[in-house]
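S.K.: Got a structure for you, final06.cif, holding mmCIF, C-alpha atoms.
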data_my_file
#
loop_
_atom_site.label_atom_id
_atom_site.label_comp_id
_atom_site.auth_asym_id
_atom_site.auth_seq_id
_atom_site.Cartn_x
_atom_site.Cartn_y
_atom_site.Cartn_z
CA MET A 1 97.51 87.06 133.83
CA ASP A 2 96.72 87.43 130.10
CA GLU A 3 94.20 90.14 130.89
CA LEU A 4 96.79 92.02 132.97
CA LYS A 5 99.38 91.72 130.18
CA GLU A 6 96.84 93.11 127.74
CA LEU A 7 96.18 96.02 130.11
CA LEU A 8 99.91 96.56 130.44
CA ILE A 9 100.43 96.76 126.67
CA ARG A 10 97.46 99.08 126.29
CA SER A 11 98.75 101.34 129.05
CA PHE A 12 101.64 102.42 126.79
CA ASP A 13 99.38 103.72 124.04
CA GLU A 14 96.09 104.73 125.60
CA THR A 15 94.66 106.08 128.80
CA LEU A 16 93.16 103.23 130.79
CA LEU A 17 89.85 103.56 132.58
CA PRO A 18 90.34 104.45 136.28
CA GLY A 19 89.37 100.92 137.38
CA GLU A 20 91.74 99.32 134.87
CA ALA A 21 94.64 101.58 135.81
CA GLU A 22 94.17 100.78 139.49
CA LYS A 23 94.00 97.05 138.78
CA LEU A 24 97.22 97.19 136.77
CA GLU A 25 99.01 99.26 139.39
CA LYS A 26 98.14 96.76 142.11
CA ALA A 27 99.15 93.79 139.96
CA LEU A 28 102.50 95.41 139.16
CA LEU A 29 103.19 95.80 142.88
CA HIS A 30 102.58 92.13 143.54
CA SER A 31 103.66 90.29 140.40
CA GLU A 32 107.30 89.79 139.54
CA GLU A 33 106.30 88.31 136.16
CA LEU A 34 104.28 91.39 135.23
CA ARG A 35 107.15 93.69 136.20
CA ARG A 36 109.46 91.62 133.99
CA GLU A 37 106.92 91.87 131.18
CA LYS A 38 106.80 95.65 131.60
CA LYS A 39 110.61 95.85 131.46
CA GLU A 40 110.66 93.79 128.24
CA LEU A 41 108.06 96.03 126.63
CA GLU A 42 110.01 99.14 127.61
CA ASP A 43 113.21 97.62 126.18
CA MET A 44 111.43 96.71 122.96
CA ARG A 45 110.02 100.20 122.56
CA ARG A 46 113.47 101.67 123.18
CA LEU A 47 114.98 99.37 120.53
CA LEU A 48 112.34 100.40 118.03
CA SER A 49 112.73 104.11 118.74
CA GLU A 50 116.47 103.72 118.15
CA PHE A 51 115.96 102.01 114.80
CA SER A 52 117.65 104.45 112.44
CA PRO A 53 118.36 103.08 108.98
CA SER A 54 119.48 105.34 106.20
CA PHE A 55 119.78 105.18 102.43
CA ASP A 56 122.94 104.86 100.37
CA SER A 57 125.31 107.81 100.49
CA ASP A 58 124.40 108.82 96.92
CA PHE A 59 120.65 108.79 97.63
CA SER A 60 120.05 112.54 97.45
CA GLN A 61 122.24 112.77 94.33
CA SER A 62 120.15 110.08 92.61
CA VAL A 63 116.92 111.88 93.51
CA LEU A 64 118.26 115.17 92.14
CA GLU A 65 119.37 113.48 88.92
CA LYS A 66 115.89 112.00 88.48
CA THR A 67 114.24 115.38 89.04
CA ALA A 68 116.63 116.87 86.46
CA HIS A 69 115.39 114.26 83.96
CA ILE A 70 111.80 115.23 84.75
CA ASP A 71 112.64 118.89 84.07
CA GLU A 72 114.42 117.95 80.82
CA ALA A 73 111.42 115.93 79.66
CA THR A 74 109.18 118.89 80.43
CA ASP A 75 111.48 121.29 78.57
CA THR A 76 112.36 119.19 75.51
CA GLY A 77 109.64 116.60 75.07
CA LEU A 78 106.26 116.88 73.39
CA TYR A 79 105.01 119.37 75.97
CA PRO A 80 106.76 122.47 74.50
CA LEU A 81 105.70 121.39 70.99
CA PHE A 82 102.11 121.04 72.14
CA LYS A 83 102.36 124.38 73.95
CA ARG A 84 103.58 126.12 70.76
CA PHE A 85 100.83 124.47 68.70
CA ALA A 86 98.17 125.41 71.25
CA LEU A 87 99.36 129.05 71.36
CA GLY A 88 99.33 129.19 67.54
CA ALA A 89 95.79 127.82 67.46
CA VAL A 90 94.59 130.35 70.05
CA ALA A 91 96.21 133.21 68.07
CA ALA A 92 94.49 132.00 64.86
CA ILE A 93 91.08 131.88 66.59
CA VAL A 94 91.54 135.39 67.97
CA LEU A 95 92.51 136.70 64.50
CA LEU A 96 89.48 135.01 62.98
CA LEU A 97 87.15 136.56 65.57
CA VAL A 98 88.69 140.02 65.03
CA SER A 99 88.23 139.72 61.23
CA VAL A 100 84.59 138.59 61.71
CA TYR A 101 83.98 141.54 64.01
CA PHE A 102 85.38 144.01 61.44
CA THR A 103 83.38 142.44 58.63
CA ASP A 104 80.01 141.95 60.35
CA GLY A 105 80.27 144.31 63.34
CA THR A 106 79.51 141.44 65.72
CA ILE A 107 80.98 138.13 66.83
CA SER A 108 77.67 136.33 67.30
CA THR A 109 77.43 132.61 66.45
CA ASP A 110 75.64 133.45 63.18
CA ALA A 111 78.43 135.85 62.20
CA VAL A 112 81.14 133.34 63.05
CA LEU A 113 79.37 130.62 61.06
CA GLY A 114 78.78 133.04 58.14
CA LEU A 115 74.98 132.82 58.38
CA THR A 116 74.28 136.56 58.59
CA ASP A 117 74.29 137.00 54.81
CA LEU A 118 72.44 133.78 54.10
CA THR A 119 69.22 134.38 52.14
CA SER A 120 66.47 131.81 51.57
CA ASP A 121 67.60 131.57 47.89
CA ASN A 122 71.13 130.72 49.00
CA LEU A 123 69.74 128.12 51.40
CA LEU A 124 67.59 126.48 48.68
CA LEU A 125 70.54 126.50 46.32
CA ALA A 126 72.72 124.82 48.96
CA LEU A 127 70.07 122.19 49.69
CA SER A 128 69.46 121.42 45.99
CA THR A 129 73.20 120.85 45.52
CA PHE A 130 72.97 117.95 47.96
CA MET B 131 101.27 128.70 109.50
CA LYS B 132 103.37 127.34 112.37
CA GLU B 133 106.85 128.81 112.67
CA ALA B 134 108.39 125.34 112.46
CA TYR B 135 106.84 124.75 109.03
CA ARG B 136 107.74 128.20 107.65
CA LYS B 137 111.37 127.34 106.92
CA ASP B 138 110.39 124.22 104.96
CA PHE B 139 107.66 126.13 103.15
CA GLU B 140 110.20 128.76 102.08
CA LEU B 141 112.47 126.01 100.72
CA VAL B 142 109.52 124.48 98.86
CA ARG B 143 108.69 127.87 97.33
CA LYS B 144 112.28 128.28 96.20
CA ALA B 145 112.30 124.75 94.77
CA LEU B 146 109.08 125.52 92.88
CA LYS B 147 110.90 128.43 91.24
CA GLY B 148 113.56 126.01 90.04
CA ASP B 149 116.07 126.29 92.87
CA LYS B 150 117.71 122.84 92.79
CA PHE B 151 119.81 123.58 95.85
CA ALA B 152 116.68 124.23 97.93
CA PHE B 153 115.15 120.93 96.86
CA GLY B 154 118.43 119.17 97.67
CA VAL B 155 118.35 120.64 101.17
CA LEU B 156 114.84 119.24 101.65
CA VAL B 157 115.87 115.78 100.43
CA ARG B 158 118.90 115.63 102.72
CA GLN B 159 116.85 116.95 105.63
CA TYR B 160 114.11 114.34 105.36
CA GLN B 161 115.75 111.29 103.78
CA ASP B 162 116.46 109.64 107.14
CA GLN B 163 112.86 110.05 108.25
CA VAL B 164 111.64 108.56 104.98
CA ALA B 165 114.20 105.74 105.36
CA LYS B 166 112.75 104.82 108.76
CA THR B 167 109.35 104.28 107.17
CA VAL B 168 110.33 102.51 103.95
CA VAL B 169 113.11 100.36 105.45
CA GLY B 170 110.84 99.55 108.39
CA MET B 171 108.19 98.42 105.94
CA LEU B 172 110.27 96.82 103.17
CA GLY B 173 113.51 95.92 104.91
CA GLN B 174 116.96 96.95 103.73
CA THR B 175 116.19 96.13 100.11
CA GLN B 176 116.66 97.66 96.68
CA GLU B 177 112.88 98.19 96.65
CA ALA B 178 113.15 100.29 99.81
CA GLU B 179 115.82 102.45 98.18
CA ASP B 180 113.69 102.83 95.03
CA THR B 181 110.55 103.56 97.03
CA GLY B 182 112.44 106.16 99.05
CA GLN B 183 113.47 107.89 95.82
CA GLU B 184 109.92 107.64 94.49
CA VAL B 185 108.65 109.43 97.62
CA PHE B 186 110.75 112.48 96.78
CA ILE B 187 109.96 112.28 93.05
CA ARG B 188 106.22 112.23 93.83
CA PHE B 189 106.72 115.17 96.15
CA TYR B 190 108.72 117.02 93.48
CA LYS B 191 105.94 116.58 90.95
CA SER B 192 103.23 117.84 93.28
CA MET B 193 105.14 120.33 95.40
CA ASP B 194 102.66 123.10 94.57
CA GLN B 195 100.04 121.20 96.59
CA TYR B 196 102.04 121.53 99.79
CA LYS B 197 100.61 124.56 101.56
CA GLY B 198 102.68 124.38 104.73
CA ASP B 199 99.68 123.62 106.96
CA SER B 200 101.27 120.40 108.24
CA SER B 201 104.81 119.30 108.90
CA LEU B 202 106.69 118.39 105.73
CA GLY B 203 108.01 115.31 107.54
CA THR B 204 104.46 114.11 108.13
CA TYR B 205 103.52 114.91 104.53
CA LEU B 206 106.44 112.82 103.23
CA THR B 207 105.82 110.01 105.72
CA ARG B 208 102.24 109.79 104.46
CA ILE B 209 103.52 109.34 100.90
CA ALA B 210 106.17 106.87 102.13
CA ILE B 211 103.77 104.61 104.01
CA ASN B 212 101.32 104.52 101.08
CA LEU B 213 104.03 103.73 98.53
CA SER B 214 105.49 101.06 100.81
CA LEU B 215 102.11 99.36 101.23
CA ASN B 216 101.62 99.55 97.44
CA GLU B 217 105.04 97.96 96.91
CA ILE B 218 104.16 95.11 99.29
CA LYS B 219 100.90 94.53 97.38
CA LYS B 220 102.82 94.58 94.09
CA GLN B 221 105.29 91.97 95.38
CA LYS B 222 102.44 89.84 96.67
CA ASN B 223 100.70 89.94 93.27
CA LYS B 224 103.93 89.08 91.46
CA LYS B 225 104.44 86.18 93.87
CA THR B 226 108.17 86.48 93.31
CA GLY B 227 108.86 85.66 96.91
CA SER B 228 111.10 88.01 98.79
CA LEU B 229 112.31 91.50 98.09
CA HIS B 230 115.86 91.99 96.86
CA LYS B 231 117.91 92.12 99.98
CA ILE B 232 120.93 94.36 99.92
CA GLU B 233 123.88 94.24 102.26
CA TYR B 234 123.56 96.05 105.53
CA GLN B 235 125.89 98.94 104.95
CA LEU B 236 124.30 101.57 107.07
CA HIS B 237 126.02 103.71 109.63
CA THR B 238 129.32 101.97 109.00
CA GLU B 239 130.96 104.24 111.53
CA GLU B 240 128.81 102.69 114.24
CA PRO B 241 129.97 99.76 116.35
CA ALA B 242 129.23 96.30 114.96
CA GLU B 243 127.03 95.56 117.96
CA LYS B 244 124.71 98.44 117.13
CA ARG B 245 124.59 97.49 113.44
CA ASP B 246 123.67 93.94 114.46
CA THR B 247 120.87 95.24 116.68
CA GLN B 248 119.52 97.32 113.79
CA GLU B 249 119.58 94.30 111.53
CA VAL B 250 117.79 92.09 114.05
CA VAL B 251 115.09 94.73 114.58
CA GLU B 252 114.69 95.12 110.81
CA LYS B 253 114.34 91.35 110.35
CA ALA B 254 111.90 91.11 113.25
CA LEU B 255 109.72 93.78 111.64
CA GLN B 256 109.65 91.82 108.39
CA GLN B 257 108.08 88.89 110.23
CA LEU B 258 105.00 90.94 111.06
CA GLU B 259 102.04 91.16 108.72
CA PRO B 260 102.15 94.47 106.75
CA ASP B 261 99.01 95.77 108.49
CA PHE B 262 100.65 95.28 111.88
CA ARG B 263 104.04 96.46 110.68
CA SER B 264 102.63 99.77 109.46
CA VAL B 265 101.22 100.71 112.87
CA ILE B 266 104.48 99.74 114.58
CA VAL B 267 106.53 101.78 112.10
CA LEU B 268 104.40 104.90 112.45
CA ARG B 269 103.76 104.70 116.19
CA MET B 270 106.99 103.30 117.58
CA ILE B 271 109.66 104.06 115.03
CA GLU B 272 108.46 107.40 113.67
CA GLY B 273 106.94 108.33 117.02
CA TYR B 274 103.53 109.54 115.87
CA SER B 275 100.63 109.45 118.31
CA THR B 276 98.01 106.73 117.96
CA LYS B 277 95.57 109.37 116.64
CA GLU B 278 98.04 110.57 113.98
CA THR B 279 98.80 106.95 113.06
CA ALA B 280 95.09 106.28 112.61
CA GLU B 281 94.71 109.38 110.43
CA MET B 282 97.68 108.47 108.25
CA LEU B 283 96.47 104.92 107.70
CA LYS B 284 92.84 106.03 107.39
CA LEU B 285 91.85 103.54 110.08
CA PRO B 286 89.60 103.85 113.14
CA LEU B 287 91.56 104.54 116.34
CA GLY B 288 90.27 101.31 117.88
CA THR B 289 91.71 99.26 115.00
CA VAL B 290 95.09 100.93 115.40
CA LEU B 291 95.10 100.27 119.15
CA SER B 292 94.20 96.61 118.77
CA ARG B 293 96.78 96.09 115.98
CA LEU B 294 99.40 97.82 118.12
CA SER B 295 98.66 95.55 121.02
CA ARG B 296 98.85 92.35 118.96
CA ALA B 297 101.90 93.51 117.01
CA GLN B 298 103.79 94.29 120.21
CA GLN B 299 103.06 90.86 121.65
CA LYS B 300 104.33 89.17 118.50
CA LEU B 301 107.35 91.44 118.12
CA LYS B 302 108.34 90.86 121.74
CA GLU B 303 108.34 87.11 121.19
CA ILE B 304 110.48 87.45 118.06
CA LEU B 305 113.00 89.76 119.72
CA LYS B 306 113.19 87.47 122.73
CA LYS B 307 114.19 84.60 120.45
CA ASP B 308 116.99 86.81 119.12
CA PHE B 309 118.13 87.51 122.69
CA LEU B 310 117.51 91.24 122.32
CA LEU B 311 115.10 91.23 125.27
#
Would you mind giving the structure from this file in structure tokens?

M.R.:
Amino acid sequence: MDELKELLIRSFDETLLPGEAEKLEKALLHSEELRREKKELEDMRRLLSEFSPSFDSDFSQSVLEKTAHIDEATDTGLYPLFKRFALGAVAAIVLLLVSVYFTDGTISTDAVLGLTDLTSDNLLLALSTF
Amino acid sequence: MKEAYRKDFELVRKALKGDKFAFGVLVRQYQDQVAKTVVGMLGQTQEAEDTGQEVFIRFYKSMDQYKGDSSLGTYLTRIAINLSLNEIKKQKNKKTGSLHKIEYQLHTEEPAEKRDTQEVVEKALQQLEPDFRSVIVLRMIEGYSTKETAEMLKLPLGTVLSRLSRAQQKLKEILKKDFLL
């Protein structure tokens, strides 16, 4: 009987093999207990499908208030300050590159680092200072 | 994109542009579906309420990732089941015992008999192991197919089927004791 009950439960969620389906069908015709078992399973599944809890009535309001706080934090927290600082830094870098280009006619690494005008005398002088 | 998802996708796009009303519509539209998952998993508790809110907050923060290629309900249920399982793990680690039960105040307009049935079903679910409870919630309460349930829980189909079978046997015994079957 346990094997038939197992088949019965499985029959609700998966397609049984032809032999299994036939076996179950025959057993259902002859067994009162199995029919009762089937009825109980159907009732249980109905009960579960009707399970319909819900949240408190102010649920959506609470969610919207929390999202408003997230927006506020994004608008007034460190993020805008960082954004302003980052934009300022980018503007300064661009200005620096433009001034290097006008001075040296190129924005190569050497030009940016100020190495284009470096002579061997300057280099020796710099090294001797250390 | 499927026609059914288009309406939700439009609301998401509006919400992304800062339309609070559109986001509110989405919350009200899907809060009952999310409630089925989190209350099914955590019971009618304060944690379920908080987890439900967290589902929508997570969604709000990552709305731009929703491309409308699946149902928004499924997308939210996926977040809900993961957060619920995380909450159960958190409670287990804390070893504080049970979750904070709150009074059953749902559907107050419904007859007492129906409210009682809901409460008995909720309590019966809490007696199942979380791994078994999750397949019951997704398959039988939310109504997803066994394949979808397996995908959501990232489990092989065979595991889902065997858990479903064992969970149903246990749940049937519990509900029989409560005279609901």

S.K.: Can you list, as an NGL selection string, every protein, DNA or RNA residue that comes within 12 Å of Glu33 in chain A when you count only C-alpha atoms, leaving out same-chain residues fewer than 3 positions away?

M.R.: :A and (1-2 or 4-5 or 8 or 27-30 or 36-40)

S.K.: Output the selection as a JSON list (two decimals), keeping the file's coordinate frame - C-alpha atoms for each residue.

M.R.:
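Generated file (again_25.json):
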[["chain", "number", "residue", "atom", "x", "y", "z"],
["A", 1, "MET", "CA", 97.51, 87.06, 133.83],
["A", 2, "ASP", "CA", 96.72, 87.43, 130.10],
["A", 4, "LEU", "CA", 96.79, 92.02, 132.97],
["A", 5, "LYS", "CA", 99.38, 91.72, 130.18],
["A", 8, "LEU", "CA", 99.91, 96.56, 130.44],
["A", 27, "ALA", "CA", 99.15, 93.79, 139.96],
["A", 28, "LEU", "CA", 102.50, 95.41, 139.16],
["A", 29, "LEU", "CA", 103.19, 95.80, 142.88],
["A", 30, "HIS", "CA", 102.58, 92.13, 143.54],
["A", 36, "ARG", "CA", 109.46, 91.62, 133.99],
["A", 37, "GLU", "CA", 106.92, 91.87, 131.18],
["A", 38, "LYS", "CA", 106.80, 95.65, 131.60],
["A", 39, "LYS", "CA", 110.61, 95.85, 131.46],
["A", 40, "GLU", "CA", 110.66, 93.79, 128.24]]

S.K.: Please indicate the distance in Å from CA of Lys222 in chain B to CA of Leu172 in chain B, rounded to one decimal place.

M.R.: 12.3 Å

S.K.: Name all residues at most 12 Å from range 133-145 of chain B (count all atoms listed in the file; drop same-chain ones fewer than 4 positions away) and give them as an NGL selection string.

M.R.: (:A and (64 or 67)) or (:B and (149-157 or 159-160 or 189-205))

S.K.: Restricting it to C-alpha atoms, dump the selection as a short mmCIF file (atom, residue, chain, number, x, y, z; two decimals), in the coordinates of the input.

M.R.:
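Output file again.cif follows:
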data_model
loop_
_atom_site.label_atom_id
_atom_site.label_comp_id
_atom_site.auth_asym_id
_atom_site.auth_seq_id
_atom_site.Cartn_x
_atom_site.Cartn_y
_atom_site.Cartn_z
CA LEU A 64 118.26 115.17 92.14
CA THR A 67 114.24 115.38 89.04
CA ASP B 149 116.07 126.29 92.87
CA LYS B 150 117.71 122.84 92.79
CA PHE B 151 119.81 123.58 95.85
CA ALA B 152 116.68 124.23 97.93
CA PHE B 153 115.15 120.93 96.86
CA GLY B 154 118.43 119.17 97.67
CA VAL B 155 118.35 120.64 101.17
CA LEU B 156 114.84 119.24 101.65
CA VAL B 157 115.87 115.78 100.43
CA GLN B 159 116.85 116.95 105.63
CA TYR B 160 114.11 114.34 105.36
CA PHE B 189 106.72 115.17 96.15
CA TYR B 190 108.72 117.02 93.48
CA LYS B 191 105.94 116.58 90.95
CA SER B 192 103.23 117.84 93.28
CA MET B 193 105.14 120.33 95.40
CA ASP B 194 102.66 123.10 94.57
CA GLN B 195 100.04 121.20 96.59
CA TYR B 196 102.04 121.53 99.79
CA LYS B 197 100.61 124.56 101.56
CA GLY B 198 102.68 124.38 104.73
CA ASP B 199 99.68 123.62 106.96
CA SER B 200 101.27 120.40 108.24
CA SER B 201 104.81 119.30 108.90
CA LEU B 202 106.69 118.39 105.73
CA GLY B 203 108.01 115.31 107.54
CA THR B 204 104.46 114.11 108.13
CA TYR B 205 103.52 114.91 104.53
#

S.K.: Expand the PyMOL selection byres ((chain A) within 7 of (chain B)) into the explicit residue set it covers here, and present it as a VMD selection string.

M.R.: chain A and resid 9 to 10 13 40 43 to 45 48 to 49 51 to 55 60 63 to 64 67

S.K.: Residues picked by the PyMOL selection byres ((chain B and resi 279-283) around 9) here, as a short mmCIF file (atom, residue, chain, number, x, y, z; two decimals) with C-alpha atoms, keeping the file's coordinate frame?

M.R.:
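Done, and the output landed in result.cif:
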data_model
loop_
_atom_site.label_atom_id
_atom_site.label_comp_id
_atom_site.auth_asym_id
_atom_site.auth_seq_id
_atom_site.Cartn_x
_atom_site.Cartn_y
_atom_site.Cartn_z
CA THR B 204 104.46 114.11 108.13
CA THR B 207 105.82 110.01 105.72
CA ARG B 208 102.24 109.79 104.46
CA ILE B 211 103.77 104.61 104.01
CA ASN B 212 101.32 104.52 101.08
CA SER B 264 102.63 99.77 109.46
CA VAL B 265 101.22 100.71 112.87
CA LEU B 268 104.40 104.90 112.45
CA ARG B 269 103.76 104.70 116.19
CA TYR B 274 103.53 109.54 115.87
CA SER B 275 100.63 109.45 118.31
CA THR B 276 98.01 106.73 117.96
CA LYS B 277 95.57 109.37 116.64
CA GLU B 278 98.04 110.57 113.98
CA LYS B 284 92.84 106.03 107.39
CA LEU B 285 91.85 103.54 110.08
CA PRO B 286 89.60 103.85 113.14
CA LEU B 287 91.56 104.54 116.34
CA GLY B 288 90.27 101.31 117.88
CA THR B 289 91.71 99.26 115.00
CA VAL B 290 95.09 100.93 115.40
CA LEU B 291 95.10 100.27 119.15
#

S.K.: Rounded to one decimal, what separation in Å do you get between CA of Arg35 in chain A and CA of Val250 in chain B?

M.R.: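 About the pair CA of Arg35 in chain A and CA of Val250 in chain B: they are 24.6 Å apart.
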
S.K.: Between CA of Glu42 in chain A and CA of Leu24 in chain A, what is the spacing in Å?

M.R.: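 Between CA of Leu24 in chain A and CA of Glu42 in chain A the gap works out to 15.9 Å.
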
S.K.: Under the rule that all atoms listed in the file are counted, which of B:Asn223, B:Ala297, B:Lys147, B:Thr181 is the nearest residue to Ala210 in chain B?

M.R.: B:Thr181
